[in-house]
Structures are given as structure tokens and as C-alpha cells.
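A.B. asks: Dumping the structure here so I can ask a few things about it.
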Amino acid sequence: MLSPEIIYKIILILAVFTVTLVVAMWSTYAERKVAAVLQDRLGPNRAGPWGFFQPVADGLKMFTKEEFIPGTADKQLFILGPCLAMLTALMTGVVIPWGGDLTFGGHSYKLQITDINIGILYLLGVVSVGVYGIMIGGWSSNNKYSLIGALRASSQMISYEIAMGLALISLVMMTGTLSLGEIVHQQDAGWANIVYQPLGFLIFIICAFAETNRAPFDLPETESELIGGYHTEYSSMKLGFFLFAEYINMFISSAIIASLYFGGYNFPFQHSLGLEGNALSLVQTFVFFCKVFFFIFFYMWVRWTIPRFRYDQLMNLGWKTLIPLAILNLFITGIVIGFRNGFFQ
Amino acid sequence: MMSQYLFYFLTFVAIFCALLVVFSKNPIYSALFLIVTFFATAGHYFLLNAQFLAAVHVIVYAGAIMVLFIYVIMMLNLNREVEPHKSTAIKIAATVCGCILGLVLVAALRETEMSAISEYSNPGIGLIERLGNVLFGAYMVPFEISTVLFLSAMVGAVFLSKKSIH
């Protein structure tokens with residue numbers, strides 16, 4: 001017999017999985033609409049009202065396209081690549097707190113799949129293995145353009161992981177915990193972390209752009225230089241998985257940015273609204289998703305505004321600007337914490 | 001009981017993939033199996049309540065070092081046809097050396113008491129808080145010296161990779 005706790009967890013996992021996929025699907029629609037608005041076009045408008053069912057049509061198209069594996073490709077790895085990209089994209093969702101506690105029949109349930117006490121390290125771990133999907137896919141295609149795309153992706157991700165980790169260390173030093181649930185909870189009492197860590201936030205969001213391979217950091221798939229980069233040889237739903245994984249990454253990283261720096265599901269004056277228990281939790285979840293959607297919009301806004309970097313500019317920014325800035329941020333955070341604890345008196 | 005089964009499963013995965021690392025013809029496959037081996041080892045750390053060690057193991061070995069390995073293999077584009085084969089004498093010498101190393105390891109581990117590991121006496125032993133207190137308390141000086149060692153290694157690597165210094 002399964003305990004109510006386990007049944008609740010299974011339902012929550014399925015819910016998070018479904019929400020992630022649905023948000024990622026309609027992000028593709030939102031991306032095209034945002035691009036259309038920014039470029040003064042109409043965007044998709046054929047499938048359903050305002051083209052709202054465009055993602056469904058795109059999905060059906062992907063599924064019904066011919067499944068093609070190049071003769072010179074390494075078959076097993078060619079299939080493994082997109083699978084790994086999807087897997088690592090979906091893995092991060094388990095540590096994100098999606099809202100406050102829900103109460104059913106006297107039992108309190110957290111709206112977070114698991115609040116492990118090494119949450120931040122788990123995040124970094126998943127991010128660091130996230131590049132394998134692209135690397136394996138690009139290499140196994142046996143195509144020069146794919147290989148260059150894979151090499152670019154790996155060196156880019158390794159470079160930006162360092163600055164990202166250093167920015168996170170400052171945050172961890174300040175909050176004194178590695179659990180995401182605890183970090184979000186602390187922002188309920190005081191200000192959001194963005195107030196204390198503006199530089200850390202800036203470094204983190206730039207690195208998040210680079211890690212998700214979004215423009216202006218989409219060097220691994222520059223269509224003007226590399227045809228399609230690492231997914232040149234892919235077709236049908238395997239290509240769909242690669243493209244879809246990018247949107248899932250975007251959604252999850254928006255959720256992480258909102259949780260770490262913008263108070264997560266907390267919002268100002270939430271305890272003076274007169275809401276209690278489940279009602280408050282639902283409002284909190286709604287507010288959290290508003291924040292997440294804003295950051296997804298921000299991703300798109302940047303993509304259609306800023307031109308792509310040149311490869312050497314990308315490396316210079318990562319190694320010579322962001323890492324020293326992150327170390328400076330770490331240093332300042334350390335000094336401020338020292339002052340607060342009376343270390344210099 | 002559950003952790004017992006997990007232990008056997010992880011051990012099987014680790015040893016099986018470690019063998020595949022050696023026997024795979026393609027260097028990319030070897031590297032990928034090595035990553036799976038690292039994950040299985042990280043699982044063992046979890047079973048021993050060393051969460052921090054497990055997470056860092058995945059981040060550093062599976063996430064950073066192996067990415068660089070695969071990067072280099074892709075750059076050199078090694079595959080079956082161009083892989084250089086050593087002469088028979090070297091192969092025999094390598095086998096003998098490996099067997100001797102194995103003998104030394106077995107001899108060293110034969111007398112160890114295994115009961116201490118399986119008891120899981122202290123559930124909080126691998127927590128970050130405790131690890132931090134130990135590293136920055138009792139082992140402060142060795143820890144700092146090792147960081148200086150790493151720094152000098154990094155500076156050395158940068159210096160060596162510079163072709164010309166003006």
C-alpha cells in the first residue's frame with residue numbers, strides 16, 4: 001500500500017512534468033509572436049485563433065516527418081544525443097519550489113518535489129552534464145559542421161560554468177544554505193536577494209543565457225556559419241527533441257532565476273492580504289509563474305534585440321570579464337559578511 | 001536492506017562499465033562508459049552519507065574533466081583506423097604491470113575490516129556543514145597549502161601553453 005505522501009509525490013512529479021512540457025510548447029509560439037511584434041510582423045496566425053494551436057501543428061509535423069539517420073553516423077550515439085538533451089533538461093525541475101505548502105485533511109504538503117540540502121550543488125551537477133547531449137549528438141553525426149557546433153557548445157559551457165558557480169557561491173555565502181526551499185523561504189522575511197546581490201544576479205543571468213545556448217550566445221548553432229550547428233544532420237522528432245530541450249532549459253532556468261534572486265513564490269505584502277493556507281499557496285504559485293513568464297519573455301526580448309557575439313568575443317567575455325567580476329563579487333560579499341559578524345572590530 | 005540492493009546494483013554498474021572502458025575499441029565509447037562509472041561511484045558516496053563528495057564528484061569528474069576529455073578526443077578525431085597499436089612487448093609489459101598492481105591492491109585490502117563501512121554509524125558525517133568545519137578548523141593549514149598548490153599548477157599550465165612571451 002502506498003502512503004499518501006508517495007501518492008502526492010507521484011502526482012506532483014507528473015504535474016511538474018506536464019506543466020514543463022506545456023509551457024515549453026507554447027514558448028515556441030510565444031517566441032514567434034514576440035519576434036513578430038519586435039519586427040513589426042504578424043507572426044503565426046493560421047492554426048486556430050491568432051495561430052494559438054501552431055505548437056500542436058508543429059509537433060504533429062515533427063512526428064510525421066521522415067526519420068533519417070545518415071549512413072556514416074554512429075547510430076546508437078546519434079539516437080542517444082537528443083535523449084540525453086531532453087533528460088538533463090527535465091532533471092532540474094525537481095528541486096524548484098513551485099509554491100507554499102498545501103494542506104489536505106490535516107496533512108501539510110510542500111509544492112516542491114524534493115528539498116535536498118545540496119540543492120544548489122545538484123543544480124550545478126545537472127548543468128555540468130547537460131552539455132553531453134549536444135556533444136554526443138554533434139560528434140556522432142559525422143559532419144564537420146556538427147562537430148564544430150559540438151566543440152563550441154562544450155567549450156562555451158565549460159567556460160561559463162565557472163563564472164556561474166562563483167556567482168552562486170556568493171549567494172550561498174550570504175544565505176548560509178544550499179537548499180533552494182530554504183533560500184526562497186529566507187526571502188519571505190527580508191528583501192529579495194537581487195537587492196543584496198545585484199552583480200551576482202547580472203553574472204548569473206548572462207551565464208544562464210550562455211548555458212541554455214540562447215542568443216546572443218547561440219554560437220553552437222549559428223545558421224549563418226554552421227548550417228544548423230550540432231543538429232545539422234537531425235530530422236523528425238530527434239531534431240524536435242533538441243529544439244524542445246532548449247525551450248525546457250529556458251523555462252527551468254527562468255524558474256531558477258526567479259527562485260534564487262526574485263523571491264521565488266513570495267511577493268510583497270503577502271501576509272497582509274487576509275489570505276490563509278491553500279488560497280495563499282495558490283496565489284503564490286500564480287505569482288511565481290508570472291515571474292517565470294516574465295523571464296521567458298526577457299530571454300526572447302534579448303534574442304531579438306542583441307546580435308550574436310563573435311566566438312573570440314564570447315570567450316573574452318567569459319574568461320576576462322565575468323570570472324574576475326564574479327571573484328570581485330565574492331570578495332565584496334566576504335568583506336560585508338565579515339563586517340556584519342564583527343570580524344574587523 | 002534497500003541500501004544493500006543498491007550497493008550491489010551500483011557495484012555491478014561500476015565494474016561492468018569500467019571493463020567496457022578498457023575493452024571498447026572506440027575512444028569516445030570508452031570516455032562515455034567512464035562517465036557512467038563516475039556516476040556509479042557517486043552513488044556509492046551517497047550510500048555512505050557523503051552527499052557533498054557525491055555532488056562534487058559528479059560536477060568535477062563527470063561534468064568538467066570528462067567534457068574536456070571528450071573535447072580533446074573530438075578535436076583529434078581518433079577512431080579505430082588511425083589508432084596506433086603498440087608492439088607486443090609493450091602489451092605484455094603492461095599486462096604484467098597491471099597484474100602486479102592488482103596484487104598489491106588485493107594484498108593491501110585483504111586485512112581491512114569491512115564492518116566499519118557497512119554500519120553507517122553517523123548519518124551526518126558527510127554533510128557540508130560538518131565538512132566545512134573540519135576543513136577550515138582542524139585541517140586549515142593542509143587545506144590552504146593544497147589550494148596554493150592548485151593555484152601554482154594553474155599558473156604553470158597557462159605559462160606552458162603560451163607560445164611566446166614578450
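To be explicit about the labels: the chains of the C-alpha cells are called A, B, and onward in the order shown, and within each one the residues are counted from 1, while ligands get numbers from 1 in the order they are shown.
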At a cut-off of 9 Å, which residues of chain B touch chain A? Count only C-alpha atoms and give the answer as a PyMOL selection string.

C.D. replies: chain B and resi 28+51-52+55-60+62-64+67-68+70-71+74-75+127-128

A.B. asks: Next, dump the selected residues to file, keeping only N, CA and C atoms, as a PDB file, in the first residue's frame.

C.D. replies:
ATOM      1  N   ILE B  28      35.697   7.327 -27.910  1.00  0.00           N
ATOM      2  CA  ILE B  28      34.520   8.065 -27.421  1.00  0.00           C
ATOM      3  C   ILE B  28      33.663   7.174 -26.523  1.00  0.00           C
ATOM      4  N   GLN B  51      27.170  13.221   0.928  1.00  0.00           N
ATOM      5  CA  GLN B  51      26.439  13.894  -0.153  1.00  0.00           C
ATOM      6  C   GLN B  51      27.294  14.907  -0.889  1.00  0.00           C
ATOM      7  N   PHE B  52      28.071  15.662  -0.117  1.00  0.00           N
ATOM      8  CA  PHE B  52      28.885  16.702  -0.735  1.00  0.00           C
ATOM      9  C   PHE B  52      29.885  16.080  -1.700  1.00  0.00           C
ATOM     10  N   ALA B  55      28.135  14.959  -4.906  1.00  0.00           N
ATOM     11  CA  ALA B  55      27.780  16.056  -5.815  1.00  0.00           C
ATOM     12  C   ALA B  55      29.020  16.618  -6.487  1.00  0.00           C
ATOM     13  N   VAL B  56      30.079  16.826  -5.707  1.00  0.00           N
ATOM     14  CA  VAL B  56      31.297  17.400  -6.280  1.00  0.00           C
ATOM     15  C   VAL B  56      31.950  16.423  -7.248  1.00  0.00           C
ATOM     16  N   HIS B  57      31.831  15.134  -6.937  1.00  0.00           N
ATOM     17  CA  HIS B  57      32.370  14.105  -7.835  1.00  0.00           C
ATOM     18  C   HIS B  57      31.712  14.220  -9.206  1.00  0.00           C
ATOM     19  N   VAL B  58      30.367  14.367  -9.210  1.00  0.00           N
ATOM     20  CA  VAL B  58      29.659  14.486 -10.479  1.00  0.00           C
ATOM     21  C   VAL B  58      30.049  15.788 -11.180  1.00  0.00           C
ATOM     22  N   ILE B  59      30.079  16.902 -10.415  1.00  0.00           N
ATOM     23  CA  ILE B  59      30.349  18.197 -11.053  1.00  0.00           C
ATOM     24  C   ILE B  59      31.749  18.208 -11.654  1.00  0.00           C
ATOM     25  N   VAL B  60      32.745  17.769 -10.849  1.00  0.00           N
ATOM     26  CA  VAL B  60      34.137  17.906 -11.295  1.00  0.00           C
ATOM     27  C   VAL B  60      34.506  16.827 -12.309  1.00  0.00           C
ATOM     28  N   ALA B  62      32.517  14.014 -13.787  1.00  0.00           N
ATOM     29  CA  ALA B  62      31.612  13.753 -14.909  1.00  0.00           C
ATOM     30  C   ALA B  62      31.339  15.026 -15.683  1.00  0.00           C
ATOM     31  N   GLY B  63      31.265  16.162 -14.998  1.00  0.00           N
ATOM     32  CA  GLY B  63      30.849  17.391 -15.663  1.00  0.00           C
ATOM     33  C   GLY B  63      31.965  18.173 -16.306  1.00  0.00           C
ATOM     34  N   ALA B  64      33.130  18.244 -15.661  1.00  0.00           N
ATOM     35  CA  ALA B  64      34.177  19.119 -16.195  1.00  0.00           C
ATOM     36  C   ALA B  64      35.308  18.336 -16.858  1.00  0.00           C
ATOM     37  N   VAL B  67      34.207  16.241 -19.889  1.00  0.00           N
ATOM     38  CA  VAL B  67      33.865  17.086 -21.045  1.00  0.00           C
ATOM     39  C   VAL B  67      35.141  17.475 -21.774  1.00  0.00           C
ATOM     40  N   LEU B  68      36.183  17.820 -21.001  1.00  0.00           N
ATOM     41  CA  LEU B  68      37.450  18.186 -21.633  1.00  0.00           C
ATOM     42  C   LEU B  68      38.078  16.986 -22.350  1.00  0.00           C
ATOM     43  N   ILE B  70      36.497  14.421 -23.707  1.00  0.00           N
ATOM     44  CA  ILE B  70      35.769  14.165 -24.947  1.00  0.00           C
ATOM     45  C   ILE B  70      36.068  15.268 -25.957  1.00  0.00           C
ATOM     46  N   TYR B  71      36.219  16.476 -25.438  1.00  0.00           N
ATOM     47  CA  TYR B  71      36.582  17.602 -26.311  1.00  0.00           C
ATOM     48  C   TYR B  71      37.877  17.279 -27.058  1.00  0.00           C
ATOM     49  N   MET B  74      37.434  14.507 -29.597  1.00  0.00           N
ATOM     50  CA  MET B  74      36.766  15.004 -30.805  1.00  0.00           C
ATOM     51  C   MET B  74      37.705  15.837 -31.659  1.00  0.00           C
ATOM     52  N   MET B  75      38.526  16.653 -30.995  1.00  0.00           N
ATOM     53  CA  MET B  75      39.465  17.514 -31.721  1.00  0.00           C
ATOM     54  C   MET B  75      40.452  16.673 -32.513  1.00  0.00           C
ATOM     55  N   LEU B 127      27.790  15.682   5.742  1.00  0.00           N
ATOM     56  CA  LEU B 127      27.088  16.935   5.473  1.00  0.00           C
ATOM     57  C   LEU B 127      28.085  18.071   5.282  1.00  0.00           C
ATOM     58  N   ILE B 128      27.676  19.051   4.490  1.00  0.00           N
ATOM     59  CA  ILE B 128      28.582  20.127   4.123  1.00  0.00           C
ATOM     60  C   ILE B 128      29.019  20.912   5.341  1.00  0.00           C
TER      61      ILE B 128
END

A.B. asks: Using only C-alpha atoms, determine which residues lie at most 6 Å from segment 241-253 of chain A, disregarding the query and same-chain residues fewer than 5 positions distant; provide the list as a ChimeraX atom specification.

C.D. replies: /A:24,82,86,89

A.B. asks: Which of these residues is nearest to Ala31 of chain B, using only C-alpha atoms: B:Ala107, B:Val158, B:Cys17, B:Leu48?

C.D. replies: B:Cys17

A.B. asks: Please compute the atom CA of Leu12 of chain A-atom CA of Leu111 of chain A distance, one decimal, in Å.

C.D. replies: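 Going from atom CA of Leu12 of chain A over to atom CA of Leu111 of chain A, I get 7.6 Å.
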
A.B. asks: Rank B:Lys163, B:Arg110, B:His44, B:His85 by their smallest atom-to-atom distance to Lys25 of chain B, using only C-alpha atoms, and report the top residue only.

C.D. replies: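 Using only C-alpha atoms, the shortest distance to Lys25 of chain B belongs to B:His85.
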
A.B. asks: Which one of A:Ser179, A:Asn213, A:Ser272, A:Thr333 sits closest to Leu314 of chain A if you count only C-alpha atoms?

C.D. replies: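 Nearest to Leu314 of chain A: A:Asn213.
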
A.B. asks: I'd like the neighbourhood of segment 289-301 of chain A as a short mmCIF file (atom, residue, chain, number, x, y, z; two decimals) with N, CA, C and O atoms, in the first residue's frame, where a residue qualifies if any of its atoms comes within 9 Å (using only C-alpha atoms), though same-chain residues fewer than 6 positions away should be ignored.

C.D. replies:
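Produced file out.cif, reproduced below:
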data_model
loop_
_atom_site.label_atom_id
_atom_site.label_comp_id
_atom_site.auth_asym_id
_atom_site.auth_seq_id
_atom_site.Cartn_x
_atom_site.Cartn_y
_atom_site.Cartn_z
N SER A 27 5.95 28.13 -25.40
CA SER A 27 7.04 29.09 -25.52
C SER A 27 7.47 29.24 -26.97
O SER A 27 7.87 30.32 -27.40
N ALA A 30 5.09 31.60 -28.30
CA ALA A 30 5.35 32.94 -27.76
C ALA A 30 6.58 33.55 -28.43
O ALA A 30 6.60 34.73 -28.75
N GLU A 31 7.61 32.69 -28.63
CA GLU A 31 8.84 33.20 -29.26
C GLU A 31 8.54 33.80 -30.63
O GLU A 31 9.01 34.89 -30.98
N VAL A 34 6.56 37.05 -30.17
CA VAL A 34 7.41 38.15 -29.68
C VAL A 34 8.30 38.65 -30.81
O VAL A 34 8.45 39.85 -31.03
N ALA A 35 8.89 37.70 -31.56
CA ALA A 35 9.73 38.08 -32.69
C ALA A 35 8.92 38.90 -33.68
O ALA A 35 9.39 39.92 -34.20
N LEU A 38 8.36 42.42 -32.33
CA LEU A 38 9.58 43.22 -32.35
C LEU A 38 9.99 43.59 -33.76
O LEU A 38 10.67 44.59 -33.97
N TRP A 98 7.69 25.35 -6.13
CA TRP A 98 6.71 25.97 -7.03
C TRP A 98 5.68 26.79 -6.27
O TRP A 98 4.90 27.51 -6.88
N PHE A 209 22.09 32.53 -19.91
CA PHE A 209 21.91 32.66 -21.36
C PHE A 209 22.90 31.78 -22.10
O PHE A 209 22.56 31.10 -23.07
N ARG A 214 21.20 30.22 -25.77
CA ARG A 214 20.28 31.16 -26.39
C ARG A 214 21.06 32.34 -26.95
O ARG A 214 22.15 32.65 -26.49
N ALA A 215 20.48 33.00 -27.97
CA ALA A 215 21.10 34.20 -28.49
C ALA A 215 21.23 35.21 -27.36
O ALA A 215 20.35 35.28 -26.51
N MET A 250 15.08 26.89 -21.00
CA MET A 250 14.75 28.29 -20.81
C MET A 250 13.73 28.45 -19.68
O MET A 250 13.88 29.30 -18.80
N PHE A 251 12.70 27.60 -19.69
CA PHE A 251 11.67 27.65 -18.66
C PHE A 251 12.27 27.36 -17.29
O PHE A 251 12.05 28.11 -16.32
N ILE A 252 13.07 26.29 -17.20
CA ILE A 252 13.63 25.89 -15.91
C ILE A 252 14.60 26.95 -15.41
O ILE A 252 14.59 27.33 -14.23
N SER A 253 15.43 27.50 -16.30
CA SER A 253 16.39 28.49 -15.81
C SER A 253 15.66 29.77 -15.40
O SER A 253 16.09 30.45 -14.47
N SER A 254 14.55 30.10 -16.07
CA SER A 254 13.75 31.25 -15.62
C SER A 254 13.23 31.00 -14.21
O SER A 254 13.26 31.90 -13.35
N ALA A 255 12.77 29.77 -13.98
CA ALA A 255 12.26 29.42 -12.64
C ALA A 255 13.37 29.53 -11.60
O ALA A 255 13.15 29.99 -10.48
N ILE A 256 14.60 29.10 -11.98
CA ILE A 256 15.71 29.16 -11.03
C ILE A 256 16.08 30.61 -10.73
O ILE A 256 16.31 30.99 -9.58
N ILE A 257 16.13 31.45 -11.78
CA ILE A 257 16.46 32.86 -11.57
C ILE A 257 15.42 33.50 -10.65
O ILE A 257 15.76 34.21 -9.70
N ALA A 258 14.13 33.20 -10.91
CA ALA A 258 13.07 33.77 -10.06
C ALA A 258 13.20 33.29 -8.62
O ALA A 258 13.00 34.06 -7.69
N PHE A 262 14.70 36.54 -7.09
CA PHE A 262 13.50 37.37 -7.06
C PHE A 262 12.42 36.84 -6.12
O PHE A 262 11.23 37.01 -6.36
N GLY A 264 11.29 33.90 -5.41
CA GLY A 264 10.52 32.69 -5.69
C GLY A 264 9.04 32.96 -5.70
O GLY A 264 8.57 33.88 -6.37
N TYR A 265 8.29 32.17 -4.91
CA TYR A 265 6.83 32.35 -4.88
C TYR A 265 6.39 33.46 -3.93
O TYR A 265 5.21 33.75 -3.84
#

A.B. asks: Excluding same-chain residues fewer than 4 positions from Pro4 of chain A, what lies within 12 Å of it counting only C-alpha atoms, as a PDB file with N, CA and C atoms, in the first residue's frame?

C.D. replies:
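Once written, result31.pdb looks like this:
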ATOM      1  N   TYR A   8       1.135  11.562  -3.312  1.00  0.00           N
ATOM      2  CA  TYR A   8       1.218  13.002  -3.559  1.00  0.00           C
ATOM      3  C   TYR A   8       2.449  13.338  -4.391  1.00  0.00           C
ATOM      4  N   LYS A   9       3.590  12.713  -4.049  1.00  0.00           N
ATOM      5  CA  LYS A   9       4.825  12.986  -4.797  1.00  0.00           C
ATOM      6  C   LYS A   9       4.691  12.587  -6.255  1.00  0.00           C
ATOM      7  N   ILE A  10       4.054  11.410  -6.485  1.00  0.00           N
ATOM      8  CA  ILE A  10       3.899  10.947  -7.866  1.00  0.00           C
ATOM      9  C   ILE A  10       3.039  11.929  -8.649  1.00  0.00           C
ATOM     10  N   ILE A  11       1.928  12.391  -8.011  1.00  0.00           N
ATOM     11  CA  ILE A  11       1.052  13.361  -8.689  1.00  0.00           C
ATOM     12  C   ILE A  11       1.830  14.631  -8.990  1.00  0.00           C
ATOM     13  N   PHE A 104      -4.106  19.194   3.049  1.00  0.00           N
ATOM     14  CA  PHE A 104      -5.264  18.353   2.759  1.00  0.00           C
ATOM     15  C   PHE A 104      -5.508  17.446   3.953  1.00  0.00           C
ATOM     16  N   GLY A 105      -6.676  17.534   4.552  1.00  0.00           N
ATOM     17  CA  GLY A 105      -7.045  16.648   5.649  1.00  0.00           C
ATOM     18  C   GLY A 105      -6.041  16.645   6.790  1.00  0.00           C
ATOM     19  N   HIS A 107      -2.931  17.204   6.754  1.00  0.00           N
ATOM     20  CA  HIS A 107      -1.549  16.987   6.361  1.00  0.00           C
ATOM     21  C   HIS A 107      -1.051  18.161   5.526  1.00  0.00           C
ATOM     22  N   SER A 108       0.197  18.545   5.764  1.00  0.00           N
ATOM     23  CA  SER A 108       0.783  19.652   5.000  1.00  0.00           C
ATOM     24  C   SER A 108       1.724  19.080   3.941  1.00  0.00           C
ATOM     25  N   TYR A 109       1.542  19.512   2.704  1.00  0.00           N
ATOM     26  CA  TYR A 109       2.390  19.028   1.615  1.00  0.00           C
ATOM     27  C   TYR A 109       3.126  20.189   0.968  1.00  0.00           C
TER      28      TYR A 109
END

A.B. asks: Need to verify the contact set: Leu260 of chain A, 9 Å, only C-alpha atoms, exclusion of same-chain residues closer than 6 positions in sequence. Can you return it as a PDB file with all heavy atoms, in the first residue's frame?

C.D. replies:
ATOM      1  N   LEU A 171      26.062  33.901  -3.363  1.00  0.00           N
ATOM      2  CA  LEU A 171      24.686  33.792  -2.854  1.00  0.00           C
ATOM      3  C   LEU A 171      24.614  32.817  -1.684  1.00  0.00           C
ATOM      4  O   LEU A 171      23.963  33.086  -0.676  1.00  0.00           O
ATOM      5  CB  LEU A 171      23.776  33.322  -3.992  1.00  0.00           C
ATOM      6  CG  LEU A 171      22.284  33.315  -3.689  1.00  0.00           C
ATOM      7  CD1 LEU A 171      21.768  34.725  -3.674  1.00  0.00           C
ATOM      8  CD2 LEU A 171      21.543  32.493  -4.692  1.00  0.00           C
ATOM      9  N   LEU A 180      17.322  25.024  -1.933  1.00  0.00           N
ATOM     10  CA  LEU A 180      16.540  26.039  -2.638  1.00  0.00           C
ATOM     11  C   LEU A 180      15.305  26.447  -1.850  1.00  0.00           C
ATOM     12  O   LEU A 180      14.935  27.621  -1.833  1.00  0.00           O
ATOM     13  CB  LEU A 180      16.122  25.515  -4.015  1.00  0.00           C
ATOM     14  CG  LEU A 180      16.836  26.182  -5.173  1.00  0.00           C
ATOM     15  CD1 LEU A 180      18.218  25.599  -5.305  1.00  0.00           C
ATOM     16  CD2 LEU A 180      16.075  25.989  -6.447  1.00  0.00           C
ATOM     17  N   ILE A 183      16.407  28.926   0.710  1.00  0.00           N
ATOM     18  CA  ILE A 183      16.767  30.218   0.121  1.00  0.00           C
ATOM     19  C   ILE A 183      15.507  31.025  -0.193  1.00  0.00           C
ATOM     20  O   ILE A 183      15.427  32.221   0.092  1.00  0.00           O
ATOM     21  CB  ILE A 183      17.618  30.012  -1.156  1.00  0.00           C
ATOM     22  CG1 ILE A 183      19.013  29.526  -0.777  1.00  0.00           C
ATOM     23  CG2 ILE A 183      17.709  31.293  -1.971  1.00  0.00           C
ATOM     24  CD1 ILE A 183      19.904  29.219  -1.937  1.00  0.00           C
ATOM     25  N   VAL A 184      14.498  30.359  -0.760  1.00  0.00           N
ATOM     26  CA  VAL A 184      13.250  31.059  -1.083  1.00  0.00           C
ATOM     27  C   VAL A 184      12.548  31.487   0.208  1.00  0.00           C
ATOM     28  O   VAL A 184      12.035  32.603   0.306  1.00  0.00           O
ATOM     29  CB  VAL A 184      12.344  30.155  -1.938  1.00  0.00           C
ATOM     30  CG1 VAL A 184      10.966  30.772  -2.095  1.00  0.00           C
ATOM     31  CG2 VAL A 184      12.962  29.938  -3.288  1.00  0.00           C
ATOM     32  N   ALA A 192      14.219  40.579  -1.401  1.00  0.00           N
ATOM     33  CA  ALA A 192      14.643  39.568  -2.360  1.00  0.00           C
ATOM     34  C   ALA A 192      16.158  39.656  -2.523  1.00  0.00           C
ATOM     35  O   ALA A 192      16.758  40.717  -2.325  1.00  0.00           O
ATOM     36  CB  ALA A 192      13.944  39.779  -3.697  1.00  0.00           C
ATOM     37  N   ASN A 193      16.788  38.552  -2.893  1.00  0.00           N
ATOM     38  CA  ASN A 193      18.244  38.506  -2.958  1.00  0.00           C
ATOM     39  C   ASN A 193      18.850  39.448  -3.988  1.00  0.00           C
ATOM     40  O   ASN A 193      20.027  39.778  -3.895  1.00  0.00           O
ATOM     41  CB  ASN A 193      18.700  37.077  -3.261  1.00  0.00           C
ATOM     42  CG  ASN A 193      18.579  36.192  -2.053  1.00  0.00           C
ATOM     43  OD1 ASN A 193      18.583  36.682  -0.921  1.00  0.00           O
ATOM     44  ND2 ASN A 193      18.447  34.904  -2.283  1.00  0.00           N
ATOM     45  N   ILE A 194      18.059  39.863  -4.977  1.00  0.00           N
ATOM     46  CA  ILE A 194      18.575  40.778  -6.001  1.00  0.00           C
ATOM     47  C   ILE A 194      19.081  42.071  -5.370  1.00  0.00           C
ATOM     48  O   ILE A 194      20.028  42.688  -5.840  1.00  0.00           O
ATOM     49  CB  ILE A 194      17.482  41.058  -7.065  1.00  0.00           C
ATOM     50  CG1 ILE A 194      17.915  42.116  -8.083  1.00  0.00           C
ATOM     51  CG2 ILE A 194      16.185  41.522  -6.449  1.00  0.00           C
ATOM     52  CD1 ILE A 194      18.819  41.627  -9.120  1.00  0.00           C
ATOM     53  N   PHE A 201      23.627  38.606  -9.608  1.00  0.00           N
ATOM     54  CA  PHE A 201      22.485  38.335 -10.465  1.00  0.00           C
ATOM     55  C   PHE A 201      22.839  38.565 -11.927  1.00  0.00           C
ATOM     56  O   PHE A 201      22.521  37.758 -12.800  1.00  0.00           O
ATOM     57  CB  PHE A 201      21.299  39.211 -10.073  1.00  0.00           C
ATOM     58  CG  PHE A 201      20.226  39.268 -11.114  1.00  0.00           C
ATOM     59  CD1 PHE A 201      19.443  38.160 -11.373  1.00  0.00           C
ATOM     60  CD2 PHE A 201      20.027  40.416 -11.857  1.00  0.00           C
ATOM     61  CE1 PHE A 201      18.476  38.196 -12.348  1.00  0.00           C
ATOM     62  CE2 PHE A 201      19.055  40.462 -12.825  1.00  0.00           C
ATOM     63  CZ  PHE A 201      18.277  39.347 -13.070  1.00  0.00           C
TER      64      PHE A 201
END
